[in-house]
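Chemist: One structure follows; several queries about it will come next.
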Amino acid sequence: MIMKFLLQAALLALLAVNGFGQARKFDLVVYGGTAGGVMTAVAAAREGLSVALIEPTGHLGGMVTGGLSRTDFGKKEVIGGIALEFYQRAGKKYGREIEWMPEPRVAEAILNEMIREAKTVTVFLKHRLMEKGGVRKRGTRIIEIAMENGGRFEGKIFTDAGYEGDLLAQAGVDFTWGRESAAQYGESLAGVRPKDPNHQFDFPVSAYDDRKRLLPEIGRQQRGEIGAGDRKVQAYNFRMILTDDPENRIPFARPAGYDPKRFELPARFLAEFVKQKGRAPRMNEILLPAQVAGKQKWDFNNRGPFSTDYIGKSWEYPNASYKRREEIRRDHEIYTRELFYFLTSDPRAPKETQAEISRFGIAK
């Protein structure tokens with residue numbers, strides 16, 4: 001009985017310290033600490049609002065601080081406001097006027113600095129919206145949201161800045177995902193598209209093993225009619241920040257449970273490449289590396305018919321449960337680790353290709 005009483009008292013003390021048990025009140029509640037969420041919070045604070053910035057994970061910045069360093073800036077002259085300020089701050093970190101491709105750790109440091117300077121922004125990391133019943137409304141207006149850990153937040157305004165749109169969905173806002181058909185809005189290039197005749201490499205290889213079974217990583221789903229809509233979303237991948245600095249490089253290790261049979265399809269593609277071209281494929285014909293700021297740091301993206309995109313495995317994600325999303329994320333991580341191990345260690349990968357990619361590794 002005494003132990004039970006002490007545990008209850010400790011729990012109540014913890015709730016009091018963290019503000020759980022009663023709602024914290026703010027002018028603006030931003031759910032999602034992505035780069036967009038941080039910019040929203042900072043902009044509001046500069047206008048004098050009190051802001052709660054709530055992030056389900058332990059880091060701010062989303063993709064900007066999680067590997068996507070090769071900024072798709074297009075025409076730089078149209079970038080302004082707080083976004084331009086971010087890149088100017090990045091430049092100062094590297095001793096120059098502006099830096100468009102900062103390392104993730106530098107990007108995260110900048111966003112945290114901007115939050116601290118904003119003064120009226122309170123950050124709540126590792127606060128995830130309750131999967132069900134997390135939004136309380138009065139009529140059509142959100143008045144409070146509740147987290148899995150017991151945190152509750154009231155606000156005059158709520159912003160969903162997360163990638164998944166969970167707050168939006170629970171609030172009852174209409175949404176869509178996937179591809180609209182060409183007919184829906186009269187867009188000639190919408191929906192399912194035909195194979196690109198200008199594809200860089202068009203090497204036919206068998207999709208079947210000796211027993212006439214489909215090889216791993218080949219889906220059975222039908223493409224659909226040209227122009228038709230579907231609920232498929234673009235392939236996801238991990239943007240890898242790798243280094244070719246020998247003092248900072250960790251080689252790609254053999255993942256637990258690695259099965260070389262998984263990569264029979266790319267092995268056949270590589271063999272056919274050598275046969276057709278008379279040479280081994282270069283790294284930038286399989287992956288898309290781009291040097292970013294920092295000492296010998298590179299952002300690796302998808303390129304070619306079999307690369308870091310985990311094709312078809314993203315389709316469930318938008319409306320999946322939290323548990324299923326984590327399984328999908330983990331599947332993508334395993335795939336990526338195994339792919340890099342295959343490219344650098346498997347005897348079916350040409351030695352010249354292995355040697356070029358093996359110059360890189362995960363940064364310590």
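Residues in the structure tokens are numbered from 1 in each chain, the chains being A, B, ... in the order shown, and ligands are numbered from 1 in the order shown.
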With region 34-54 of chain A as the partner and 12 Å as the cut-off, tabulate the residues of region 102-143 of chain A that qualify, each row holding the nearest pair of atoms and their distance in Å to one decimal, using only C-alpha atoms, sorted by chain and rising number, as a Markdown table.
Modeler:
| residue | atom | partner | partner_atom | distance |
| --- | --- | --- | --- | --- |
| A:Pro104 | CA | A:Ala35 | CA | 11.7 |
| A:Ala107 | CA | A:Ala35 | CA | 9.5 |
| A:Glu108 | CA | A:Ala35 | CA | 9.2 |
| A:Ile110 | CA | A:Val38 | CA | 10.7 |
| A:Leu111 | CA | A:Val38 | CA | 7.0 |
| A:Asn112 | CA | A:Val38 | CA | 8.8 |
| A:Glu113 | CA | A:Val42 | CA | 10.5 |
| A:Met114 | CA | A:Val42 | CA | 7.0 |
| A:Ile115 | CA | A:Val42 | CA | 6.3 |
| A:Arg116 | CA | A:Val42 | CA | 9.4 |
| A:Glu117 | CA | A:Val42 | CA | 8.7 |
| A:Ala118 | CA | A:Ala45 | CA | 5.8 |
| A:Lys119 | CA | A:Ala45 | CA | 7.4 |
| A:Thr120 | CA | A:Ser50 | CA | 5.1 |
| A:Val121 | CA | A:Val51 | CA | 4.7 |
| A:Thr122 | CA | A:Ala52 | CA | 5.0 |
| A:Val123 | CA | A:Leu53 | CA | 4.8 |
| A:Phe124 | CA | A:Ile54 | CA | 4.8 |
| A:Leu125 | CA | A:Ile54 | CA | 6.2 |
| A:Lys126 | CA | A:Ile54 | CA | 8.0 |
| A:His127 | CA | A:Ile54 | CA | 6.2 |
| A:Arg128 | CA | A:Ile54 | CA | 7.9 |
| A:Leu129 | CA | A:Ile54 | CA | 9.1 |
Chemist: When DSSP is applied to the backbone of this structure, which of region 296-340 of chain A are assigned strand (DSSP E)? Write them out as a list of chain:residue names.
Modeler: A:Lys297, A:Trp298, A:Asp299, A:Phe300, A:Asn301, A:Asn302
Chemist: For region 348-358 of chain A, list every protein, DNA or RNA residue within 7 Å, evaluated using only C-alpha atoms, and leave out those in the same chain fewer than 4 positions away; present the list as a PyMOL selection string.
Modeler: chain A and resi 267+270+280-283+343-344
Chemist: Can I get the selected residues back with C-alpha atoms, as a compact mmCIF listing (two decimals), in the first residue's frame?
Modeler:
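Generated output (result-v5.txt):
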# COMPACT_ATOMS: atom_id res chain seq x y z
CA ALA A 267 22.75 -8.16 -60.04
CA LEU A 270 24.65 -4.81 -63.53
CA ALA A 280 31.28 -1.40 -65.25
CA PRO A 281 28.63 1.16 -64.27
CA ARG A 282 29.89 4.26 -62.55
CA MET A 283 28.59 5.25 -59.12
CA LEU A 343 26.87 -2.50 -53.92
CA THR A 344 30.12 -2.54 -51.95
Chemist: Return the single residue from A:Gly294, A:Pro197, A:Gly229, A:Gly165 that is closest to Ala90 (chain A), with distances computed using only C-alpha atoms.
Modeler: A:Gly294
Chemist: Skip Arg70 (chain A) itself and residues of its chain fewer than 4 positions away, then list as a list of chain:residue names all residues within 10 Å of it, counting only C-alpha atoms.
Modeler: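 My list of contacting residues is A:Val64, A:Trp100, A:Met101, A:Pro102, A:Glu103, A:Arg239, A:Ile241, A:Pro289, A:Ala290, A:Gln291, A:Val292, A:Ala293, A:Trp298, A:Asp299, A:Phe300, A:Asn301.
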Chemist: Store the residues picked out above, limited to all heavy atoms, as a compact mmCIF listing (two decimals), in the first residue's frame.
Modeler:
# COMPACT_ATOMS: atom_id res chain seq x y z
N VAL A 64 14.92 18.48 -43.74
CA VAL A 64 16.02 19.43 -43.86
C VAL A 64 17.16 19.10 -42.91
O VAL A 64 18.33 19.36 -43.20
CB VAL A 64 15.50 20.87 -43.62
CG1 VAL A 64 16.64 21.87 -43.58
CG2 VAL A 64 14.52 21.25 -44.72
N TRP A 100 23.64 26.93 -49.60
CA TRP A 100 22.37 26.31 -49.99
C TRP A 100 22.28 24.85 -49.59
O TRP A 100 21.21 24.27 -49.59
CB TRP A 100 22.17 26.45 -51.50
CG TRP A 100 22.07 27.86 -51.97
CD1 TRP A 100 23.03 28.61 -52.58
CD2 TRP A 100 20.93 28.73 -51.83
NE1 TRP A 100 22.56 29.87 -52.83
CE2 TRP A 100 21.27 29.97 -52.39
CE3 TRP A 100 19.65 28.56 -51.28
CZ2 TRP A 100 20.40 31.05 -52.42
CZ3 TRP A 100 18.77 29.63 -51.32
CH2 TRP A 100 19.15 30.86 -51.89
N MET A 101 23.42 24.23 -49.28
CA MET A 101 23.41 22.79 -48.99
C MET A 101 24.17 22.48 -47.71
O MET A 101 25.24 21.87 -47.74
CB MET A 101 23.98 22.02 -50.19
CG MET A 101 23.15 22.19 -51.45
SD MET A 101 23.54 21.04 -52.80
CE MET A 101 25.13 21.67 -53.31
N PRO A 102 23.64 22.90 -46.56
CA PRO A 102 24.34 22.64 -45.30
C PRO A 102 24.18 21.20 -44.84
O PRO A 102 23.24 20.50 -45.23
CB PRO A 102 23.64 23.60 -44.32
CG PRO A 102 22.25 23.71 -44.86
CD PRO A 102 22.40 23.67 -46.36
N GLU A 103 25.11 20.76 -44.00
CA GLU A 103 24.99 19.44 -43.38
C GLU A 103 23.77 19.40 -42.47
O GLU A 103 23.36 20.42 -41.91
CB GLU A 103 26.23 19.14 -42.55
CG GLU A 103 27.54 19.14 -43.31
CD GLU A 103 28.70 19.30 -42.36
OE1 GLU A 103 29.20 18.26 -41.85
OE2 GLU A 103 29.11 20.44 -42.11
N ARG A 239 17.68 9.73 -47.67
CA ARG A 239 18.75 10.52 -48.26
C ARG A 239 19.98 10.33 -47.36
O ARG A 239 20.00 10.77 -46.21
CB ARG A 239 18.34 11.99 -48.35
CG ARG A 239 17.25 12.25 -49.36
CD ARG A 239 17.74 12.06 -50.79
NE ARG A 239 18.47 13.23 -51.25
CZ ARG A 239 17.90 14.25 -51.91
NH1 ARG A 239 16.62 14.24 -52.19
NH2 ARG A 239 18.63 15.27 -52.31
N ILE A 241 23.64 10.90 -46.02
CA ILE A 241 24.77 11.81 -45.96
C ILE A 241 26.01 10.97 -45.68
O ILE A 241 26.19 10.45 -44.58
CB ILE A 241 24.59 12.89 -44.87
CG1 ILE A 241 23.36 13.75 -45.20
CG2 ILE A 241 25.84 13.75 -44.76
CD1 ILE A 241 23.49 14.57 -46.46
N PRO A 289 24.97 11.14 -56.25
CA PRO A 289 25.69 11.85 -55.20
C PRO A 289 25.86 13.32 -55.56
O PRO A 289 26.03 13.69 -56.72
CB PRO A 289 27.04 11.14 -55.19
CG PRO A 289 27.24 10.68 -56.61
CD PRO A 289 25.86 10.38 -57.15
N ALA A 290 25.82 14.17 -54.53
CA ALA A 290 26.09 15.59 -54.71
C ALA A 290 26.86 16.07 -53.48
O ALA A 290 26.44 15.83 -52.35
CB ALA A 290 24.80 16.37 -54.86
N GLN A 291 27.99 16.74 -53.69
CA GLN A 291 28.77 17.21 -52.57
C GLN A 291 28.06 18.37 -51.89
O GLN A 291 27.53 19.28 -52.55
CB GLN A 291 30.17 17.64 -53.01
CG GLN A 291 31.10 17.90 -51.83
CD GLN A 291 32.56 17.87 -52.22
OE1 GLN A 291 32.90 17.95 -53.40
NE2 GLN A 291 33.43 17.74 -51.24
N VAL A 292 28.00 18.33 -50.58
CA VAL A 292 27.36 19.38 -49.80
C VAL A 292 28.42 20.03 -48.91
O VAL A 292 29.60 19.68 -48.97
CB VAL A 292 26.19 18.83 -48.96
CG1 VAL A 292 25.15 18.19 -49.86
CG2 VAL A 292 26.67 17.82 -47.92
N ALA A 293 28.00 21.01 -48.11
CA ALA A 293 28.95 21.70 -47.25
C ALA A 293 29.52 20.76 -46.20
O ALA A 293 28.97 19.68 -45.93
CB ALA A 293 28.26 22.89 -46.58
N TRP A 298 28.66 14.20 -48.63
CA TRP A 298 27.89 14.03 -49.86
C TRP A 298 26.47 13.58 -49.53
O TRP A 298 26.25 12.77 -48.64
CB TRP A 298 28.56 12.97 -50.75
CG TRP A 298 29.95 13.34 -51.19
CD1 TRP A 298 31.07 13.37 -50.41
CD2 TRP A 298 30.35 13.72 -52.50
NE1 TRP A 298 32.16 13.75 -51.16
CE2 TRP A 298 31.75 13.97 -52.45
CE3 TRP A 298 29.69 13.86 -53.72
CZ2 TRP A 298 32.48 14.36 -53.57
CZ3 TRP A 298 30.41 14.25 -54.84
CH2 TRP A 298 31.78 14.50 -54.77
N ASP A 299 25.52 14.11 -50.29
CA ASP A 299 24.12 13.71 -50.21
C ASP A 299 23.87 12.71 -51.34
O ASP A 299 24.07 13.02 -52.51
CB ASP A 299 23.23 14.96 -50.37
CG ASP A 299 21.74 14.67 -50.41
OD1 ASP A 299 21.34 13.58 -50.88
OD2 ASP A 299 20.96 15.54 -50.02
N PHE A 300 23.44 11.50 -50.98
CA PHE A 300 23.17 10.45 -51.97
C PHE A 300 21.67 10.29 -52.15
O PHE A 300 20.94 10.07 -51.18
CB PHE A 300 23.79 9.12 -51.53
CG PHE A 300 25.24 8.98 -51.85
CD1 PHE A 300 26.19 9.75 -51.19
CD2 PHE A 300 25.67 8.11 -52.83
CE1 PHE A 300 27.53 9.64 -51.48
CE2 PHE A 300 27.02 7.98 -53.13
CZ PHE A 300 27.96 8.75 -52.45
N ASN A 301 21.23 10.35 -53.39
CA ASN A 301 19.81 10.20 -53.73
C ASN A 301 19.66 9.04 -54.72
O ASN A 301 20.62 8.41 -55.13
CB ASN A 301 19.28 11.51 -54.31
CG ASN A 301 17.77 11.58 -54.36
OD1 ASN A 301 17.08 10.71 -53.84
ND2 ASN A 301 17.24 12.62 -55.00
Chemist: Give me, as a CSV table (one decimal) with N, CA, C and O atoms, in the first residue's frame, the residues of region 225-352 of chain A that a backbone DSSP run labels alpha helix (DSSP H).
Modeler:
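See states-v4.csv below for the written result:
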chain,number,residue,atom,x,y,z
A,264,GLU,N,19.0,-10.2,-56.6
A,264,GLU,CA,19.2,-10.9,-57.8
A,264,GLU,C,18.8,-9.9,-59.0
A,264,GLU,O,19.5,-10.0,-60.1
A,265,LEU,N,17.8,-9.2,-58.9
A,265,LEU,CA,17.4,-8.3,-60.0
A,265,LEU,C,18.5,-7.2,-60.3
A,265,LEU,O,18.9,-7.1,-61.5
A,266,PRO,N,19.0,-6.4,-59.3
A,266,PRO,CA,20.0,-5.5,-59.7
A,266,PRO,C,21.3,-6.2,-60.1
A,266,PRO,O,22.1,-5.7,-60.9
A,267,ALA,N,21.6,-7.4,-59.6
A,267,ALA,CA,22.7,-8.2,-60.0
A,267,ALA,C,22.7,-8.5,-61.5
A,267,ALA,O,23.6,-8.3,-62.3
A,268,ARG,N,21.5,-8.8,-62.0
A,268,ARG,CA,21.3,-9.1,-63.4
A,268,ARG,C,21.4,-7.8,-64.2
A,268,ARG,O,22.0,-7.8,-65.3
A,269,PHE,N,20.9,-6.7,-63.7
A,269,PHE,CA,21.0,-5.5,-64.4
A,269,PHE,C,22.4,-5.0,-64.5
A,269,PHE,O,22.9,-4.6,-65.6
A,270,LEU,N,23.2,-5.2,-63.5
A,270,LEU,CA,24.6,-4.8,-63.5
A,270,LEU,C,25.4,-5.7,-64.6
A,270,LEU,O,26.2,-5.2,-65.3
A,271,ALA,N,25.1,-6.9,-64.6
A,271,ALA,CA,25.7,-7.8,-65.5
A,271,ALA,C,25.4,-7.4,-67.0
A,271,ALA,O,26.2,-7.4,-67.9
A,272,GLU,N,24.1,-7.1,-67.2
A,272,GLU,CA,23.7,-6.7,-68.5
A,272,GLU,C,24.3,-5.4,-68.9
A,272,GLU,O,24.6,-5.1,-70.1
A,273,PHE,N,24.5,-4.5,-67.9
A,273,PHE,CA,25.1,-3.2,-68.2
A,273,PHE,C,26.5,-3.4,-68.7
A,273,PHE,O,26.9,-2.8,-69.8
A,274,VAL,N,27.3,-4.3,-68.1
A,274,VAL,CA,28.6,-4.6,-68.5
A,274,VAL,C,28.6,-5.2,-69.9
A,274,VAL,O,29.5,-4.8,-70.7
A,275,LYS,N,27.7,-6.1,-70.1
A,275,LYS,CA,27.6,-6.7,-71.5
A,275,LYS,C,27.3,-5.7,-72.6
A,275,LYS,O,27.9,-5.7,-73.6
A,276,GLN,N,26.4,-4.8,-72.3
A,276,GLN,CA,25.9,-3.8,-73.3
A,276,GLN,C,26.9,-2.7,-73.5
A,276,GLN,O,27.2,-2.3,-74.6
A,277,LYS,N,27.5,-2.2,-72.4
A,277,LYS,CA,28.4,-1.1,-72.4
A,277,LYS,C,29.9,-1.4,-72.6
A,277,LYS,O,30.7,-0.5,-72.9
A,322,TYR,N,0.1,4.2,-36.5
A,322,TYR,CA,1.5,4.5,-36.1
A,322,TYR,C,2.4,3.3,-36.1
A,322,TYR,O,3.5,3.4,-36.5
A,323,LYS,N,1.8,2.1,-35.6
A,323,LYS,CA,2.6,0.9,-35.6
A,323,LYS,C,3.1,0.5,-37.0
A,323,LYS,O,4.2,0.2,-37.2
A,324,ARG,N,2.1,0.6,-37.9
A,324,ARG,CA,2.5,0.2,-39.3
A,324,ARG,C,3.4,1.1,-40.0
A,324,ARG,O,4.4,0.7,-40.7
A,325,ARG,N,3.3,2.4,-39.7
A,325,ARG,CA,4.2,3.4,-40.2
A,325,ARG,C,5.7,3.1,-39.7
A,325,ARG,O,6.6,3.2,-40.5
A,326,GLU,N,5.8,2.8,-38.5
A,326,GLU,CA,7.1,2.5,-37.9
A,326,GLU,C,7.7,1.2,-38.6
A,326,GLU,O,8.9,1.2,-38.9
A,327,GLU,N,6.8,0.2,-38.9
A,327,GLU,CA,7.3,-0.9,-39.6
A,327,GLU,C,7.8,-0.6,-41.0
A,327,GLU,O,8.8,-1.1,-41.5
A,328,ILE,N,7.1,0.3,-41.7
A,328,ILE,CA,7.4,0.7,-43.0
A,328,ILE,C,8.8,1.5,-43.0
A,328,ILE,O,9.6,1.3,-43.8
A,329,ARG,N,8.9,2.4,-42.0
A,329,ARG,CA,10.1,3.1,-41.8
A,329,ARG,C,11.3,2.2,-41.6
A,329,ARG,O,12.4,2.3,-42.2
A,330,ARG,N,11.1,1.2,-40.8
A,330,ARG,CA,12.2,0.2,-40.4
A,330,ARG,C,12.5,-0.6,-41.7
A,330,ARG,O,13.7,-0.9,-42.0
A,331,ASP,N,11.5,-1.0,-42.5
A,331,ASP,CA,11.7,-1.7,-43.7
A,331,ASP,C,12.6,-0.9,-44.7
A,331,ASP,O,13.5,-1.5,-45.3
A,332,HIS,N,12.3,0.4,-44.8
A,332,HIS,CA,13.1,1.2,-45.6
A,332,HIS,C,14.6,1.3,-45.1
A,332,HIS,O,15.5,1.3,-45.9
A,333,GLU,N,14.7,1.4,-43.8
A,333,GLU,CA,16.1,1.4,-43.3
A,333,GLU,C,16.9,0.2,-43.6
A,333,GLU,O,18.0,0.2,-44.0
A,334,ILE,N,16.2,-1.0,-43.4
A,334,ILE,CA,16.9,-2.3,-43.6
A,334,ILE,C,17.2,-2.4,-45.1
A,334,ILE,O,18.3,-2.8,-45.5
A,335,TYR,N,16.3,-2.0,-46.0
A,335,TYR,CA,16.5,-2.1,-47.4
A,335,TYR,C,17.8,-1.2,-47.8
A,335,TYR,O,18.6,-1.7,-48.6
A,336,THR,N,17.8,0.0,-47.3
A,336,THR,CA,18.9,0.9,-47.6
A,336,THR,C,20.3,0.3,-47.1
A,336,THR,O,21.3,0.3,-47.9
A,337,ARG,N,20.3,-0.2,-45.9
A,337,ARG,CA,21.6,-0.8,-45.4
A,337,ARG,C,22.0,-1.9,-46.2
A,337,ARG,O,23.2,-2.1,-46.6
A,338,GLU,N,21.0,-2.8,-46.6
A,338,GLU,CA,21.4,-4.0,-47.4
A,338,GLU,C,21.8,-3.6,-48.8
A,338,GLU,O,22.7,-4.2,-49.4
A,339,LEU,N,21.1,-2.6,-49.4
A,339,LEU,CA,21.5,-2.1,-50.8
A,339,LEU,C,23.0,-1.7,-50.8
A,339,LEU,O,23.7,-2.1,-51.7
A,340,PHE,N,23.4,-0.8,-49.8
A,340,PHE,CA,24.7,-0.3,-49.9
A,340,PHE,C,25.7,-1.5,-49.6
A,340,PHE,O,26.9,-1.4,-50.1
A,341,TYR,N,25.3,-2.4,-48.8
A,341,TYR,CA,26.2,-3.6,-48.6
A,341,TYR,C,26.4,-4.4,-49.8
A,341,TYR,O,27.5,-4.8,-50.2
A,342,PHE,N,25.3,-4.6,-50.5
A,342,PHE,CA,25.3,-5.3,-51.8
A,342,PHE,C,26.2,-4.6,-52.8
A,342,PHE,O,27.1,-5.2,-53.5
A,343,LEU,N,26.1,-3.3,-52.9
A,343,LEU,CA,26.9,-2.5,-53.9
A,343,LEU,C,28.4,-2.5,-53.6
A,343,LEU,O,29.2,-2.3,-54.5
A,344,THR,N,28.7,-2.7,-52.3
A,344,THR,CA,30.1,-2.5,-52.0
A,344,THR,C,30.8,-3.9,-51.6
A,344,THR,O,32.0,-3.9,-51.5
A,345,SER,N,30.0,-5.0,-51.5
A,345,SER,CA,30.6,-6.2,-51.1
A,345,SER,C,30.2,-7.4,-51.9
A,345,SER,O,30.9,-8.5,-51.8
A,351,LYS,N,33.8,-5.1,-59.7
A,351,LYS,CA,34.8,-4.6,-58.7
A,351,LYS,C,35.1,-3.1,-58.9
A,351,LYS,O,35.3,-2.4,-57.9
A,352,GLU,N,35.0,-2.6,-60.1
A,352,GLU,CA,35.2,-1.2,-60.3
A,352,GLU,C,34.1,-0.4,-59.6
A,352,GLU,O,34.4,0.7,-59.0
Chemist: Report as a list in words all protein, DNA and RNA residues lying within 12 Å of Arg24 (chain A), evaluated on only C-alpha atoms, omitting residues in the same chain fewer than 3 positions from it.
Modeler: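 My reading of the contact set: Ala16, Asn18, Gly19, Phe20, Gly21, Asp27, Leu28, Val29, Ser50, Val51, Ala52, Leu53, Ile54, Thr122, Phe124, Ile143, Glu144, Ile145, Ala146, Met147, Gly150, Gly151, Arg152, Phe153, Glu154, Gly155 and Lys156 of chain A.
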Chemist: Just checking: using only C-alpha atoms, which residue out of A:Asp202, A:Glu99, A:Glu131, A:Asp309 ends up closest to Gln170 (chain A)?
Modeler: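 Among the listed residues, the smallest separation from Gln170 (chain A) belongs to A:Glu131.
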Chemist: Can you measure CA of Thr65 (chain A) to CA of Asn302 (chain A) for me? One decimal in Å is fine.
Modeler: 18.4 Å
Chemist: Report as a PDB file with C-alpha atoms, in the first residue's frame all protein, DNA and RNA residues lying within 12 Å of Ile218 (chain A), evaluated on only C-alpha atoms, omitting residues in the same chain fewer than 6 positions from it.
Modeler:
ATOM      1  CA  SER A 206      14.420 -11.714 -66.884  1.00  0.00           C
ATOM      2  CA  ALA A 207      12.136 -11.053 -63.922  1.00  0.00           C
ATOM      3  CA  TYR A 208      11.954 -14.737 -62.999  1.00  0.00           C
ATOM      4  CA  ASP A 209      14.162 -17.264 -61.274  1.00  0.00           C
ATOM      5  CA  ARG A 262      17.141 -10.233 -52.427  1.00  0.00           C
ATOM      6  CA  PHE A 263      19.360  -8.417 -54.921  1.00  0.00           C
ATOM      7  CA  GLU A 264      19.212 -10.852 -57.838  1.00  0.00           C
ATOM      8  CA  LEU A 265      17.394  -8.265 -59.992  1.00  0.00           C
ATOM      9  CA  PRO A 266      20.038  -5.508 -59.683  1.00  0.00           C
ATOM     10  CA  PRO A 305      16.094   1.597 -62.338  1.00  0.00           C
ATOM     11  CA  PHE A 306      17.259   0.016 -59.037  1.00  0.00           C
ATOM     12  CA  TYR A 310      12.107   1.456 -52.151  1.00  0.00           C
ATOM     13  CA  ILE A 311       9.528   1.226 -54.897  1.00  0.00           C
ATOM     14  CA  GLY A 312       5.981   0.303 -53.958  1.00  0.00           C
ATOM     15  CA  LYS A 313       6.624   0.140 -50.225  1.00  0.00           C
TER      16      LYS A 313
END
Chemist: Within 9 Å of Asn319 (chain A), counting only C-alpha atoms, which residues show up once you throw out same-chain ones fewer than 3 positions away? Write them as a PyMOL selection string, please.
Modeler: chain A and resi 164+166+316+325
Chemist: For the selection you just gave me, I'd like the residues written to a file as a PDB file, in the first residue's frame, keeping C-alpha atoms.
Modeler:
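again_3.pdb, written as the output of this step:
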ATOM      1  CA  GLU A 164       1.447  12.908 -42.411  1.00  0.00           C
ATOM      2  CA  ASP A 166      -2.578  13.536 -38.653  1.00  0.00           C
ATOM      3  CA  GLU A 316       0.348   2.275 -47.322  1.00  0.00           C
ATOM      4  CA  ARG A 325       4.247   3.396 -40.223  1.00  0.00           C
TER       5      ARG A 325
END
Chemist: Can you work out which one of A:Ala169, A:Leu68, A:Ala23, A:Leu60 has the shortest atom-to-atom distance to Phe238 (chain A), counting only C-alpha atoms?
Modeler: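 Result for the nearest residue to Phe238 (chain A): A:Leu68.
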